[in-house]
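**Student:** File name final.csv; file contents CSV, C-alpha atoms; full text below.
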chain,number,residue,atom,x,y,z
N,1,MET,CA,0.0,0.0,0.0
N,2,PHE,CA,2.8,2.5,1.0
N,3,GLY,CA,5.3,1.3,-1.6
N,4,LYS,CA,6.7,-1.5,-3.7
N,5,ARG,CA,7.7,-4.8,-2.2
N,6,PRO,CA,11.3,-6.1,-2.9
N,7,ASP,CA,9.9,-9.7,-3.2
N,8,GLY,CA,7.0,-9.2,-5.6
N,9,ARG,CA,4.9,-7.0,-7.8
N,10,VAL,CA,1.1,-6.5,-7.7
N,11,LEU,CA,-0.8,-8.3,-10.4
N,12,ARG,CA,-3.5,-6.0,-11.7
N,13,ASN,CA,-4.9,-7.8,-14.8
N,14,LEU,CA,-6.6,-10.7,-13.1
N,15,GLU,CA,-10.1,-12.0,-13.4
N,16,PRO,CA,-12.6,-10.4,-11.0
N,17,MET,CA,-13.1,-13.8,-9.2
N,18,ALA,CA,-9.4,-14.1,-8.6
N,19,GLN,CA,-9.2,-10.5,-7.3
N,20,ILE,CA,-12.0,-11.0,-4.8
N,21,MET,CA,-10.9,-14.3,-3.3
N,22,PRO,CA,-8.3,-12.8,-0.9
N,23,TYR,CA,-11.0,-10.6,0.6
N,24,ILE,CA,-13.3,-13.7,1.2
N,25,MET,CA,-10.5,-15.9,2.6
N,26,LYS,CA,-8.4,-13.5,4.6
N,27,THR,CA,-5.7,-15.8,5.9
N,28,ARG,CA,-3.7,-18.7,4.5
N,29,THR,CA,-5.2,-21.0,7.1
N,30,ASP,CA,-8.6,-20.0,5.7
N,31,SER,CA,-7.6,-21.1,2.2
N,32,MET,CA,-5.5,-24.2,2.6
N,33,ASN,CA,-6.0,-27.0,0.1
N,34,MET,CA,-4.4,-30.4,0.8
N,35,TYR,CA,-3.1,-32.8,-1.8
N,36,GLU,CA,-1.6,-36.2,-1.3
N,37,ASP,CA,0.1,-38.4,-3.9
N,38,THR,CA,3.2,-40.5,-4.6
N,39,PHE,CA,6.1,-40.5,-7.1
N,40,PRO,CA,7.5,-43.7,-8.4
N,41,CYS,CA,11.0,-44.2,-7.1
N,42,GLY,CA,12.3,-46.3,-10.0
N,43,PRO,CA,13.2,-43.3,-12.3
N,44,MET,CA,14.8,-41.4,-9.5
N,45,ASP,CA,16.8,-44.5,-8.3
N,46,ALA,CA,18.0,-45.2,-11.8
N,47,TYR,CA,19.1,-41.6,-12.3
N,48,ILE,CA,20.8,-41.4,-9.0
N,49,LYS,CA,22.7,-44.6,-9.8
N,50,GLU,CA,23.7,-43.3,-13.2
N,51,LYS,CA,25.1,-40.1,-11.8
N,52,ALA,CA,26.9,-42.0,-9.0
N,53,ALA,CA,28.7,-43.9,-11.7
N,54,GLU,CA,29.9,-40.5,-13.0
N,55,GLY,CA,31.1,-39.5,-9.6
N,56,ILE,CA,28.1,-37.2,-8.9
N,57,LYS,CA,26.2,-37.8,-5.7
N,58,LEU,CA,22.5,-37.0,-5.8
N,59,GLY,CA,19.6,-37.8,-3.6
N,60,TYR,CA,15.8,-37.5,-3.7
N,61,MET,CA,15.9,-34.1,-2.1
N,62,HIS,CA,18.1,-32.7,-4.9
N,63,ILE,CA,15.8,-34.1,-7.6
N,64,ILE,CA,12.6,-32.8,-5.9
N,65,ILE,CA,14.0,-29.3,-5.3
N,66,ALA,CA,15.2,-29.1,-8.9
N,67,ALA,CA,11.9,-30.4,-10.2
N,68,ILE,CA,9.9,-27.9,-8.2
N,69,VAL,CA,12.1,-25.0,-9.3
N,70,ARG,CA,11.6,-26.1,-12.9
N,71,MET,CA,7.8,-26.5,-12.4
N,72,MET,CA,7.6,-23.0,-10.9
N,73,ALA,CA,9.7,-21.6,-13.8
N,74,LEU,CA,7.2,-23.0,-16.3
N,75,ARG,CA,4.1,-22.5,-14.2
N,76,PRO,CA,4.4,-18.9,-12.8
N,77,GLN,CA,1.0,-18.8,-11.0
N,78,LEU,CA,2.5,-21.1,-8.4
N,79,ASN,CA,5.0,-18.5,-7.6
N,80,ARG,CA,2.5,-15.9,-6.3
N,81,PHE,CA,1.5,-14.8,-2.9
N,82,VAL,CA,-1.2,-12.8,-1.2
N,83,MET,CA,-0.7,-9.8,1.0
N,84,ASN,CA,-3.3,-7.4,2.3
N,85,GLY,CA,-5.9,-8.5,-0.2
N,86,LYS,CA,-3.6,-8.2,-3.2
N,87,ILE,CA,-2.0,-11.0,-5.3
N,88,TYR,CA,1.7,-10.6,-6.0
N,89,ALA,CA,4.1,-12.3,-8.5
N,90,ARG,CA,7.6,-13.1,-7.3
N,91,PRO,CA,10.6,-12.1,-9.5
N,92,LYS,CA,12.6,-15.2,-8.5
N,93,ILE,CA,12.0,-18.6,-7.0
N,94,TRP,CA,12.8,-19.1,-3.3
N,95,ILE,CA,12.9,-22.5,-1.6
N,96,SER,CA,13.2,-22.9,2.2
N,97,PHE,CA,14.0,-26.1,4.1
N,98,VAL,CA,15.3,-27.2,7.5
N,99,VAL,CA,18.6,-29.1,7.9
N,100,HIS,CA,19.8,-30.9,11.1
N,101,PRO,CA,23.5,-31.3,11.8
N,102,THR,CA,22.6,-34.8,13.2
N,103,LEU,CA,19.5,-36.9,13.6
N,104,ASN,CA,20.1,-37.3,17.3
N,105,ASP,CA,17.2,-36.5,19.6
N,106,GLY,CA,17.4,-32.8,20.5
N,107,SER,CA,19.4,-31.8,17.5
N,108,VAL,CA,18.6,-28.2,16.7
N,109,GLY,CA,17.7,-27.6,13.1
N,110,THR,CA,18.7,-24.6,10.9
N,111,THR,CA,16.5,-23.2,8.2
N,112,ILE,CA,18.0,-22.5,4.8
N,113,LYS,CA,16.5,-20.3,2.1
N,114,LEU,CA,17.9,-20.5,-1.4
N,115,CYS,CA,17.1,-18.2,-4.4
N,116,PHE,CA,16.9,-19.6,-7.9
N,117,GLU,CA,16.4,-17.9,-11.3
N,118,GLY,CA,14.4,-20.9,-12.6
N,119,THR,CA,16.7,-21.6,-15.5
N,120,GLU,CA,19.2,-23.8,-13.4
N,121,THR,CA,20.0,-27.4,-14.2
N,122,ILE,CA,19.7,-30.1,-11.6
N,123,LEU,CA,23.5,-30.1,-11.2
N,124,GLU,CA,23.5,-26.4,-10.5
N,125,VAL,CA,20.6,-26.8,-8.0
N,126,ALA,CA,22.4,-29.7,-6.3
N,127,GLU,CA,25.6,-27.8,-6.0
N,128,LYS,CA,23.8,-24.9,-4.4
N,129,VAL,CA,21.9,-27.1,-2.0
N,130,ASN,CA,25.1,-29.1,-1.0
N,131,GLU,CA,27.1,-25.9,-0.4
N,132,ALA,CA,24.3,-24.5,1.8
N,133,ILE,CA,23.9,-27.8,3.8
N,134,ALA,CA,27.7,-28.1,4.2
N,135,LYS,CA,27.9,-24.5,5.5
N,136,GLU,CA,25.2,-25.2,8.1
N,137,THR,CA,26.5,-28.6,9.2
N,138,THR,CA,30.1,-29.7,8.9
N,139,GLY,CA,31.4,-26.3,8.0
N,140,ARG,CA,29.4,-24.3,10.5
N,141,THR,CA,31.4,-22.0,12.7
N,142,GLY,CA,28.5,-20.1,14.3
N,143,GLU,CA,25.0,-18.9,13.8
N,144,ASN,CA,23.7,-18.0,10.4
N,145,ASP,CA,22.1,-14.6,9.7
N,146,THR,CA,18.6,-16.0,10.2
N,147,ASP,CA,19.5,-17.6,13.5
N,148,LYS,CA,21.1,-14.3,14.6
N,149,LEU,CA,17.9,-12.4,13.8
N,150,MET,CA,15.7,-14.8,15.7
N,151,ARG,CA,18.1,-14.9,18.7
N,152,THR,CA,18.2,-11.1,18.7
N,153,LEU,CA,14.5,-10.9,18.9
N,154,MET,CA,14.3,-13.5,21.7
N,155,LYS,CA,17.3,-12.4,23.7
N,156,HIS,CA,17.2,-8.6,23.6
N,157,ILE,CA,13.4,-8.0,23.6
N,158,PRO,CA,11.6,-8.6,26.9
N,159,GLY,CA,9.1,-11.4,26.8
N,160,PRO,CA,5.9,-9.3,27.2
N,161,LEU,CA,7.0,-7.2,24.1
N,162,ILE,CA,7.7,-10.2,21.8
N,163,LYS,CA,4.0,-10.4,20.8
N,164,LEU,CA,4.0,-6.6,20.1
N,165,VAL,CA,7.2,-6.8,18.0
N,166,ILE,CA,5.9,-9.7,15.9
N,167,ASN,CA,2.5,-8.0,15.4
N,168,THR,CA,4.4,-4.9,14.3
N,169,LEU,CA,6.5,-6.8,11.8
N,170,MET,CA,3.4,-8.4,10.4
N,171,TRP,CA,1.7,-5.0,10.1
N,172,MET,CA,4.8,-3.6,8.3
N,173,ASP,CA,4.8,-6.6,6.0
N,174,LYS,CA,1.1,-6.1,5.3
N,175,TYR,CA,1.6,-2.5,4.2
N,176,ASN,CA,4.9,-3.1,2.3
N,177,LEU,CA,7.1,-1.5,5.0
N,178,LEU,CA,9.1,-4.5,6.1
N,179,PRO,CA,12.8,-3.9,5.3
N,180,LYS,CA,14.3,-5.8,2.4
N,181,ALA,CA,17.0,-7.2,4.8
N,182,ILE,CA,14.4,-8.9,7.0
N,183,ILE,CA,12.5,-10.3,4.0
N,184,GLU,CA,15.7,-11.8,2.6
N,185,LEU,CA,16.6,-13.4,5.9
N,186,SER,CA,13.1,-14.6,6.7
N,187,PRO,CA,12.5,-18.3,5.7
N,188,PHE,CA,8.8,-17.6,5.8
N,189,HIS,CA,9.0,-15.2,2.8
N,190,THR,CA,9.5,-18.0,0.3
N,191,SER,CA,7.9,-19.6,-2.8
N,192,MET,CA,7.8,-23.0,-1.2
N,193,PHE,CA,8.8,-24.6,2.1
N,194,ILE,CA,10.0,-28.2,2.0
N,195,THR,CA,10.3,-30.7,4.8
N,196,ASN,CA,12.1,-34.0,4.3
N,197,LEU,CA,10.4,-36.5,6.7
N,198,LYS,CA,11.8,-39.3,4.7
N,199,SER,CA,15.1,-38.7,6.4
N,200,LEU,CA,13.3,-39.3,9.8
N,201,GLY,CA,11.8,-42.5,8.5
N,202,ILE,CA,8.2,-41.3,8.9
N,203,ASN,CA,5.3,-40.8,6.6
N,204,HIS,CA,4.5,-37.4,5.0
N,205,VAL,CA,2.2,-34.9,6.7
N,206,PHE,CA,0.0,-32.0,5.6
N,207,HIS,CA,2.0,-29.1,7.0
N,208,HIS,CA,0.2,-25.8,7.5
N,209,THR,CA,1.3,-22.7,5.7
N,210,TYR,CA,2.3,-19.7,7.8
N,211,ASN,CA,0.3,-16.6,8.3
N,212,PHE,CA,3.5,-14.8,8.9
N,213,GLY,CA,5.4,-14.1,5.7
N,214,THR,CA,4.4,-15.1,2.2
N,215,THR,CA,4.7,-18.9,2.0
N,216,GLY,CA,1.9,-20.2,-0.2
N,217,LEU,CA,3.0,-23.8,-0.8
N,218,PHE,CA,4.3,-26.4,1.7
N,219,PHE,CA,5.7,-29.7,0.4
N,220,ALA,CA,6.2,-32.6,2.9
N,221,MET,CA,8.2,-35.6,1.6
N,222,GLY,CA,7.6,-38.9,3.4
N,223,LYS,CA,9.3,-42.3,3.5
N,224,GLU,CA,9.1,-44.7,0.6
N,225,LYS,CA,6.5,-47.5,0.6
N,226,GLN,CA,5.5,-50.4,-1.6
N,227,ILE,CA,2.1,-49.9,-3.3
N,228,PRO,CA,0.0,-52.1,-5.5
N,229,VAL,CA,0.5,-51.5,-9.2
N,230,ALA,CA,-1.1,-53.1,-12.3
N,231,PHE,CA,1.4,-54.6,-14.8
N,232,GLY,CA,-0.9,-55.5,-17.6
N,233,LYS,CA,-3.2,-58.2,-16.2
N,234,GLU,CA,-0.9,-58.8,-13.2
N,235,ILE,CA,-0.8,-57.0,-9.9
N,236,GLY,CA,2.6,-56.3,-8.3
N,237,THR,CA,4.1,-53.8,-6.0
N,238,GLN,CA,6.3,-50.8,-6.8
N,239,LYS,CA,8.3,-48.5,-4.5
N,240,HIS,CA,6.8,-45.0,-4.3
N,241,LEU,CA,7.7,-41.8,-2.4
N,242,GLY,CA,4.7,-40.3,-0.7
N,243,PHE,CA,4.2,-36.6,-0.3
N,244,GLY,CA,1.7,-34.1,1.1
N,245,LEU,CA,1.3,-30.7,-0.5
N,246,VAL,CA,-0.6,-27.8,1.1
N,247,SER,CA,-1.4,-24.8,-1.1
N,248,ASP,CA,-3.0,-21.4,-0.7
N,249,GLU,CA,-5.9,-21.6,-3.2
N,250,ARG,CA,-6.3,-17.8,-3.5
N,251,PHE,CA,-3.6,-17.2,-6.0
N,252,CYS,CA,-4.0,-20.3,-8.2
N,253,ASP,CA,-7.2,-22.0,-9.3
N,254,GLY,CA,-7.7,-25.8,-9.2
N,255,LEU,CA,-7.3,-26.4,-12.9
N,256,TYR,CA,-4.0,-24.6,-13.1
N,257,PHE,CA,-2.8,-26.3,-10.0
N,258,ALA,CA,-3.8,-29.8,-11.3
N,259,MET,CA,-2.0,-29.1,-14.6
N,260,SER,CA,1.1,-28.0,-12.8
N,261,LEU,CA,1.2,-31.2,-10.7
N,262,ARG,CA,0.8,-33.1,-13.9
N,263,GLN,CA,3.9,-31.3,-15.2
N,264,LEU,CA,5.8,-32.1,-12.0
N,265,ARG,CA,4.9,-35.8,-12.4
N,266,ARG,CA,6.3,-35.8,-15.9
N,267,ILE,CA,9.5,-34.3,-14.7
N,268,MET,CA,9.8,-36.8,-11.9
N,269,LYS,CA,9.4,-39.7,-14.3
N,270,ASN,CA,12.5,-38.5,-16.2
N,271,PRO,CA,14.8,-36.5,-13.9
N,272,ALA,CA,17.6,-36.5,-16.6
N,273,GLN,CA,15.7,-33.8,-18.5
N,274,LEU,CA,16.6,-31.4,-15.7
N,275,GLU,CA,20.2,-31.5,-16.9
N,276,ILE,CA,19.0,-29.3,-19.8
N,277,PRO,CA,19.0,-25.6,-18.7
N,278,LEU,CA,15.8,-23.7,-19.2
N,279,GLU,CA,16.4,-21.0,-21.8
N,280,LYS,CA,14.0,-18.6,-20.1
N,281,LYS,CA,11.4,-18.9,-17.3
N,282,VAL,CA,7.8,-18.0,-18.1
N,283,GLU,CA,6.8,-14.6,-16.8
N,284,ASP,CA,3.5,-14.0,-15.0
N,285,VAL,CA,0.9,-11.6,-16.3
N,286,GLU,CA,1.1,-7.9,-15.6
Now that the file is in, can you turn its structure into structure tokens?
**Tutor:**
Amino acid sequence: MFGKRPDGRVLRNLEPMAQIMPYIMKTRTDSMNMYEDTFPCGPMDAYIKEKAAEGIKLGYMHIIIAAIVRMMALRPQLNRFVMNGKIYARPKIWISFVVHPTLNDGSVGTTIKLCFEGTETILEVAEKVNEAIAKETTGRTGENDTDKLMRTLMKHIPGPLIKLVINTLMWMDKYNLLPKAIIELSPFHTSMFITNLKSLGINHVFHHTYNFGTTGLFFAMGKEKQIPVAFGKEIGTQKHLGFGLVSDERFCDGLYFAMSLRQLRRIMKNPAQLEIPLEKKVEDVE
């Protein structure tokens, strides 16, 4: 309202129904849609094995992040967010996720937020992810900037004022007054938040989106499981990776969302296509 946002631009040429939805459903928790599905592990396992023979170590997380970045680059409506009744388009793609130094009980996780142009190959995405994880685990020498921000809020502000401070930050965010430095550090101002529950050996969940920040999509990856699959007239089992996806329906209608997930499934069936850089990401409407 009071100025431009560093993380998005207002979309003005939208259909009337799209424009009115944020006024009907005022918060993300009002507008959460939950989707559950699986990806076949065979194509991913084969690709991971192929790259390992070349000396390149990849995992499911690398493939999923690269596939999501590619999907968002091709399907720009997924990279929108709602703030103060307005729908915004992001200029780039941000992905947030939590990494734990160890899986020991009580291990404190650190949130990482990475920025992508959308044209990256899977190898470029993997390199960026690996560098960030190494920095926050084996190479960590202290708190990262996000942790420092959170600790500053909790350590130097009296408890009774924390609620006031958070409410003030949310008010500033609502009216486009939140400083760019805070938006860049905040893991809640992101295109998609991803949690890897597979690494914990548990099934996926439907994780809520946050009312603080701009997160409109939350992807929870669960452990693999064998599911019944028809092979012609025979019934067998096949290893699949389960996931739960929660979305803010205000900035993307059901048909577009369904077609986007179909695109994601095509990518996941052939991860090798992600080695070809995207010449140019698709831009959103004005």
**Student:** Point out the residue among N:Ile112, N:Met170, N:Thr190, N:Met259 with the least atom-to-atom distance to Lys92 of chain N, counting only C-alpha atoms.
**Tutor:**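 With only C-alpha atoms as the atom set, the closest residue is N:Thr190.
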**Student:** For segment 199-206 of chain N, please output as a PyMOL selection string all residues within 9 Å (counting all atoms listed in the file; exclusion window: fewer than 3 positions along the same chain).
**Tutor:** chain N and resi 34-36+103+195-196+218-224+242-246
**Student:** Taking 5 positions as the minimum chain separation for residues in the same chain, which residues sit within 7 Å of Thr111 of chain N when counting all atoms listed in the file? Answer as a list in words.
**Tutor:**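 Residues near the query, excluding close chain neighbours: Ser96, Phe97, Val98, Val99 and Pro187 of chain N.
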**Student:** Smallest atom-to-atom distance to Leu197 of chain N: which of N:Ala126, N:Met32, N:Met172, N:Met61, using all atoms listed in the file?
**Tutor:** N:Met61
**Student:** Using only C-alpha atoms, which of the listed residues (N:Pro160, N:Pro91, N:Leu178, N:Ile63) sits closest to Val129 of chain N?
**Tutor:**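 That would be N:Ile63, the residue with the smallest distance to Val129 of chain N.
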**Student:** Quick one: everything within 6 Å of segment 14-29 of chain N, counting only C-alpha atoms, minus sequence neighbours fewer than 3 positions away in the same chain. Send it as a PyMOL selection string.
**Tutor:** chain N and resi 32+85+211+248+250
**Student:** Go through N:Val82, N:Ala67, N:Ala53, N:Leu177 and flag the residue nearest Pro6 of chain N, using all atoms listed in the file for the distances.
**Tutor:** N:Leu177
**Student:** Smallest atom-to-atom distance to Phe193 of chain N: which of N:Met83, N:Leu217, N:Val282, N:Ile162, using only C-alpha atoms?
**Tutor:**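 Of N:Met83, N:Leu217, N:Val282, N:Ile162, the one nearest Phe193 of chain N, counting only C-alpha atoms, is N:Leu217.
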**Student:** Show me that you can extract segment 3-78 of chain N, keeping C-alpha atoms, and write it as a PDB file, in the first residue's frame.
**Tutor:**
ATOM      1  CA  GLY N   3       5.298   1.307  -1.554  1.00  0.00           C
ATOM      2  CA  LYS N   4       6.659  -1.467  -3.692  1.00  0.00           C
ATOM      3  CA  ARG N   5       7.746  -4.770  -2.219  1.00  0.00           C
ATOM      4  CA  PRO N   6      11.263  -6.111  -2.867  1.00  0.00           C
ATOM      5  CA  ASP N   7       9.929  -9.665  -3.190  1.00  0.00           C
ATOM      6  CA  GLY N   8       7.011  -9.183  -5.572  1.00  0.00           C
ATOM      7  CA  ARG N   9       4.876  -6.987  -7.794  1.00  0.00           C
ATOM      8  CA  VAL N  10       1.102  -6.538  -7.672  1.00  0.00           C
ATOM      9  CA  LEU N  11      -0.842  -8.335 -10.397  1.00  0.00           C
ATOM     10  CA  ARG N  12      -3.537  -5.982 -11.670  1.00  0.00           C
ATOM     11  CA  ASN N  13      -4.864  -7.752 -14.766  1.00  0.00           C
ATOM     12  CA  LEU N  14      -6.575 -10.681 -13.073  1.00  0.00           C
ATOM     13  CA  GLU N  15     -10.086 -12.006 -13.422  1.00  0.00           C
ATOM     14  CA  PRO N  16     -12.579 -10.441 -10.961  1.00  0.00           C
ATOM     15  CA  MET N  17     -13.115 -13.759  -9.161  1.00  0.00           C
ATOM     16  CA  ALA N  18      -9.367 -14.111  -8.576  1.00  0.00           C
ATOM     17  CA  GLN N  19      -9.161 -10.547  -7.282  1.00  0.00           C
ATOM     18  CA  ILE N  20     -11.972 -10.984  -4.788  1.00  0.00           C
ATOM     19  CA  MET N  21     -10.851 -14.306  -3.276  1.00  0.00           C
ATOM     20  CA  PRO N  22      -8.255 -12.772  -0.880  1.00  0.00           C
ATOM     21  CA  TYR N  23     -11.023 -10.634   0.604  1.00  0.00           C
ATOM     22  CA  ILE N  24     -13.255 -13.663   1.169  1.00  0.00           C
ATOM     23  CA  MET N  25     -10.504 -15.896   2.565  1.00  0.00           C
ATOM     24  CA  LYS N  26      -8.402 -13.478   4.564  1.00  0.00           C
ATOM     25  CA  THR N  27      -5.656 -15.756   5.854  1.00  0.00           C
ATOM     26  CA  ARG N  28      -3.656 -18.691   4.514  1.00  0.00           C
ATOM     27  CA  THR N  29      -5.161 -20.980   7.108  1.00  0.00           C
ATOM     28  CA  ASP N  30      -8.589 -20.036   5.703  1.00  0.00           C
ATOM     29  CA  SER N  31      -7.553 -21.101   2.224  1.00  0.00           C
ATOM     30  CA  MET N  32      -5.450 -24.240   2.605  1.00  0.00           C
ATOM     31  CA  ASN N  33      -6.017 -27.021   0.089  1.00  0.00           C
ATOM     32  CA  MET N  34      -4.364 -30.355   0.839  1.00  0.00           C
ATOM     33  CA  TYR N  35      -3.149 -32.757  -1.827  1.00  0.00           C
ATOM     34  CA  GLU N  36      -1.635 -36.206  -1.343  1.00  0.00           C
ATOM     35  CA  ASP N  37       0.115 -38.380  -3.911  1.00  0.00           C
ATOM     36  CA  THR N  38       3.211 -40.456  -4.620  1.00  0.00           C
ATOM     37  CA  PHE N  39       6.091 -40.464  -7.090  1.00  0.00           C
ATOM     38  CA  PRO N  40       7.493 -43.745  -8.444  1.00  0.00           C
ATOM     39  CA  CYS N  41      11.006 -44.201  -7.075  1.00  0.00           C
ATOM     40  CA  GLY N  42      12.294 -46.274 -10.011  1.00  0.00           C
ATOM     41  CA  PRO N  43      13.185 -43.342 -12.321  1.00  0.00           C
ATOM     42  CA  MET N  44      14.808 -41.435  -9.453  1.00  0.00           C
ATOM     43  CA  ASP N  45      16.789 -44.467  -8.264  1.00  0.00           C
ATOM     44  CA  ALA N  46      18.008 -45.197 -11.797  1.00  0.00           C
ATOM     45  CA  TYR N  47      19.072 -41.582 -12.328  1.00  0.00           C
ATOM     46  CA  ILE N  48      20.832 -41.415  -8.951  1.00  0.00           C
ATOM     47  CA  LYS N  49      22.714 -44.630  -9.781  1.00  0.00           C
ATOM     48  CA  GLU N  50      23.652 -43.311 -13.237  1.00  0.00           C
ATOM     49  CA  LYS N  51      25.070 -40.079 -11.823  1.00  0.00           C
ATOM     50  CA  ALA N  52      26.878 -41.969  -9.045  1.00  0.00           C
ATOM     51  CA  ALA N  53      28.741 -43.913 -11.746  1.00  0.00           C
ATOM     52  CA  GLU N  54      29.914 -40.526 -13.034  1.00  0.00           C
ATOM     53  CA  GLY N  55      31.089 -39.519  -9.564  1.00  0.00           C
ATOM     54  CA  ILE N  56      28.126 -37.213  -8.909  1.00  0.00           C
ATOM     55  CA  LYS N  57      26.228 -37.812  -5.676  1.00  0.00           C
ATOM     56  CA  LEU N  58      22.535 -36.960  -5.803  1.00  0.00           C
ATOM     57  CA  GLY N  59      19.561 -37.789  -3.605  1.00  0.00           C
ATOM     58  CA  TYR N  60      15.801 -37.537  -3.681  1.00  0.00           C
ATOM     59  CA  MET N  61      15.934 -34.069  -2.115  1.00  0.00           C
ATOM     60  CA  HIS N  62      18.107 -32.717  -4.938  1.00  0.00           C
ATOM     61  CA  ILE N  63      15.760 -34.102  -7.574  1.00  0.00           C
ATOM     62  CA  ILE N  64      12.627 -32.807  -5.870  1.00  0.00           C
ATOM     63  CA  ILE N  65      13.990 -29.288  -5.332  1.00  0.00           C
ATOM     64  CA  ALA N  66      15.235 -29.117  -8.942  1.00  0.00           C
ATOM     65  CA  ALA N  67      11.897 -30.428 -10.236  1.00  0.00           C
ATOM     66  CA  ILE N  68       9.926 -27.917  -8.169  1.00  0.00           C
ATOM     67  CA  VAL N  69      12.124 -25.027  -9.328  1.00  0.00           C
ATOM     68  CA  ARG N  70      11.609 -26.114 -12.938  1.00  0.00           C
ATOM     69  CA  MET N  71       7.842 -26.487 -12.437  1.00  0.00           C
ATOM     70  CA  MET N  72       7.578 -22.996 -10.944  1.00  0.00           C
ATOM     71  CA  ALA N  73       9.657 -21.557 -13.774  1.00  0.00           C
ATOM     72  CA  LEU N  74       7.202 -23.024 -16.276  1.00  0.00           C
ATOM     73  CA  ARG N  75       4.054 -22.450 -14.223  1.00  0.00           C
ATOM     74  CA  PRO N  76       4.412 -18.907 -12.785  1.00  0.00           C
ATOM     75  CA  GLN N  77       1.037 -18.756 -11.046  1.00  0.00           C
ATOM     76  CA  LEU N  78       2.483 -21.125  -8.439  1.00  0.00           C
TER      77      LEU N  78
END
